[in-house]
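Novice: There's a structure below that I have some questions on.
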Amino acid sequence: MGLVKAAVGDAVLTFMWIICASTIGATTSIIADIIGLQGNASLAITTALIFLISVLFGFIADAFGGASFNATGTVAFYIVGAAGDDDTLMSTAVRFPAQAVGAVGGVLALMELMPLEYKHMLEGPTLKVDLHTGAIAEGVLTFAITFVVLVIIIKGPKSFFWKNWMISVAAMAVIVPGSSYTGPSMNPANAFGWAYVYNKHNTWEQFYVYWICPSLGAILAAWLYRLVFPPRQPSKQKTA
């Protein structure tokens, strides 16, 4: 029953995340137009929006008992030994399909609810380079953001808000260069949701670029973290 509850929580959280994260571009454009910002100055608005969403979803995830919208993050925290008691590789195998369903629902809802004048901003992750370059880019970007997030969450400041601000800045640092390659996605469920709507969910591009390489990137980041910050060995008590 606990696993079913976790899967439902993941599906609902991913549904909400897709709607919020996918409208950041449109929201940034609206706010920038209102206050008269142009060019790279609007990146500050995007970073602030990512921060607000990160804080909000942190509370929502806790309310759902540790729900997640990204399986690669769950696997990475499991490898470094910082996952929740119910976060195992077996549970991830069940929860990822739930996240994918939630992502599809979120994209379909967006396509119906988004005002027509902003609907052109709803694109989702898109491969803009050749297949292998895109795969490498998605893997490297996921590796980078996963390692940084692990360091911030586990070794970073204790303040919940400072952690989320640092993660938001790190996210922008990979999103900006990644936008010229793959979107980027760095989240297999997110990529699947958009690919399903555009009938590209069963292509080699989808599996190779947006599933396999991000997963490998997250796993390598977790192992690098273990190498840099070895887990503490339990102290042996002396026997009389």
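Just remember, in the structure tokens the first chain shown is A, the second B, etc., residues are 1-based per chain, and ligands are 1-based in the order shown.
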For Phe160 (chain A), please output as a list in words all residues within 10 Å (counting only C-alpha atoms; exclusion window: fewer than 5 positions along the same chain).

Specialist: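 Listing them by chain and then by number gives Val55, Gly58, Ile153 and Trp165 of chain A.
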
Novice: Using only C-alpha atoms, I'd like a table of the residues in region 43-100 of chain A that come within 10 Å of region 214-219 of chain A; for each, show the closest atom pair and its distance in Å rounded to one decimal, ordered by chain and ascending number, as CSV.

Specialist:
```
residue,atom,partner,partner_atom,distance
A:Ala71,CA,A:Ser215,CA,8.4
A:Thr72,CA,A:Ser215,CA,5.6
A:Gly73,CA,A:Ala218,CA,7.0
A:Thr74,CA,A:Ala218,CA,9.5
A:Val75,CA,A:Ile219,CA,7.2
A:Ala76,CA,A:Ile219,CA,5.8
A:Phe77,CA,A:Ile219,CA,9.4
A:Tyr78,CA,A:Ile219,CA,9.8
A:Ile79,CA,A:Ile219,CA,7.6
A:Val80,CA,A:Ile219,CA,9.7
```

Novice: Which polymer residues have any atom within 12 Å of an atom of Lys155 (chain A), counting only C-alpha atoms, with same-chain residues fewer than 4 positions away left out, as a list in words?

Specialist: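 In the requested format, the answer is Ala82, Phe147, Val148, Val149, Leu150, Val151, Ser159, Lys163, Tyr225, Val228 and Phe229 of chain A.
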
Novice: Near region 92-100 of chain A, counting only C-alpha atoms, which residues have an atom at most 7 Å away, once you skip same-chain residues fewer than 4 positions from it, shown as a PyMOL selection string?

Specialist: chain A and resi 7-8+10-11+14+69+71+87-88+104+189+192-193

Novice: Write out the residues from the selection above, keeping N, CA and C atoms, as a short mmCIF file (atom, residue, chain, number, x, y, z; two decimals), in the first residue's frame.

Specialist:
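Listed below is the output, part_27.cif:
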```cif
data_model
loop_
_atom_site.label_atom_id
_atom_site.label_comp_id
_atom_site.auth_asym_id
_atom_site.auth_seq_id
_atom_site.Cartn_x
_atom_site.Cartn_y
_atom_site.Cartn_z
N ALA A 7 3.47 6.11 -5.52
CA ALA A 7 3.29 6.24 -6.97
C ALA A 7 2.22 7.28 -7.30
N VAL A 8 1.12 7.25 -6.56
CA VAL A 8 0.06 8.24 -6.78
C VAL A 8 0.57 9.64 -6.47
N ASP A 10 3.67 10.68 -6.66
CA ASP A 10 4.58 11.06 -7.74
C ASP A 10 3.81 11.53 -8.97
N ALA A 11 2.74 10.82 -9.31
CA ALA A 11 1.95 11.18 -10.49
C ALA A 11 1.34 12.56 -10.33
N THR A 14 4.17 15.27 -10.31
CA THR A 14 4.72 15.47 -11.66
C THR A 14 3.73 16.24 -12.54
N PHE A 69 9.33 14.02 -8.72
CA PHE A 69 8.94 14.15 -10.12
C PHE A 69 10.09 13.83 -11.06
N ALA A 71 12.93 10.64 -11.57
CA ALA A 71 13.49 9.35 -11.13
C ALA A 71 15.00 9.38 -11.05
N ASP A 87 12.56 4.77 -0.68
CA ASP A 87 13.14 5.03 -1.99
C ASP A 87 14.18 3.97 -2.33
N THR A 88 13.77 2.97 -3.07
CA THR A 88 14.65 1.90 -3.50
C THR A 88 14.59 1.80 -5.02
N VAL A 104 2.39 13.21 -18.79
CA VAL A 104 1.49 13.24 -19.95
C VAL A 104 0.23 14.04 -19.62
N ALA A 189 10.82 11.60 -17.19
CA ALA A 189 9.36 11.70 -17.17
C ALA A 189 8.88 12.95 -17.90
N PHE A 192 9.24 12.39 -21.58
CA PHE A 192 8.25 11.45 -22.07
C PHE A 192 6.89 12.11 -22.25
N GLY A 193 6.51 12.98 -21.32
CA GLY A 193 5.22 13.64 -21.41
C GLY A 193 5.06 14.41 -22.70
#
```

Novice: Could you check the closest approach to Ala44 (chain A) for each of A:Leu56, A:Leu110, A:Ile31, A:Val129 and tell me which residue wins, using only C-alpha atoms?

Specialist: A:Ile31

Novice: Run DSSP on the backbone and tell me which residues of region 19-220 of chain A come out as alpha helix (DSSP H); list them as a ChimeraX atom specification.

Specialist: /A:19-22,24-35,42-63,71-79,89-113,131-150,160-178,188-197,204-207,213-220

Novice: At what distance in Å, to one decimal, does CA of Gly102 (chain A) lie from CA of Lys5 (chain A)?

Specialist: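 Going from CA of Lys5 (chain A) over to CA of Gly102 (chain A) covers 14.0 Å.
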
Novice: Skip Gly66 (chain A) itself and residues of its chain fewer than 3 positions away, then list as a list in words all residues within 8 Å of it, counting only C-alpha atoms.

Specialist: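 Contacts, in chain order: Ala6, Ala61, Asp62, Ala63 and Gly84 of chain A.
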
Novice: Give me a file of those residues, with N, CA, C and O atoms, as a PDB file, in the first residue's frame.

Specialist:
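Just written: out.pdb:
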```
ATOM      1  N   ALA A   6       2.907   6.125  -2.772  1.00  0.00           N
ATOM      2  CA  ALA A   6       4.046   6.887  -3.287  1.00  0.00           C
ATOM      3  C   ALA A   6       3.916   7.130  -4.788  1.00  0.00           C
ATOM      4  O   ALA A   6       4.221   8.220  -5.287  1.00  0.00           O
ATOM      5  N   ALA A  61       6.019  18.218  -1.879  1.00  0.00           N
ATOM      6  CA  ALA A  61       6.612  16.878  -1.852  1.00  0.00           C
ATOM      7  C   ALA A  61       6.619  16.313  -0.436  1.00  0.00           C
ATOM      8  O   ALA A  61       6.326  15.131  -0.225  1.00  0.00           O
ATOM      9  N   ASP A  62       6.950  17.158   0.539  1.00  0.00           N
ATOM     10  CA  ASP A  62       6.930  16.713   1.941  1.00  0.00           C
ATOM     11  C   ASP A  62       5.517  16.356   2.380  1.00  0.00           C
ATOM     12  O   ASP A  62       5.305  15.379   3.105  1.00  0.00           O
ATOM     13  N   ALA A  63       4.546  17.157   1.923  1.00  0.00           N
ATOM     14  CA  ALA A  63       3.151  16.887   2.287  1.00  0.00           C
ATOM     15  C   ALA A  63       2.678  15.561   1.716  1.00  0.00           C
ATOM     16  O   ALA A  63       1.817  14.887   2.312  1.00  0.00           O
ATOM     17  N   GLY A  84      15.155   8.309   1.035  1.00  0.00           N
ATOM     18  CA  GLY A  84      14.216   7.946   2.088  1.00  0.00           C
ATOM     19  C   GLY A  84      14.133   6.442   2.253  1.00  0.00           C
ATOM     20  O   GLY A  84      14.615   5.674   1.411  1.00  0.00           O
TER      21      GLY A  84
END
```

Novice: Name all residues at most 7 Å from region 20-30 of chain A (count only C-alpha atoms; drop same-chain ones fewer than 4 positions away) and give them as number ranges by chain.

Specialist: A: 16, 34, 42, 45-46, 49, 118, 121-122
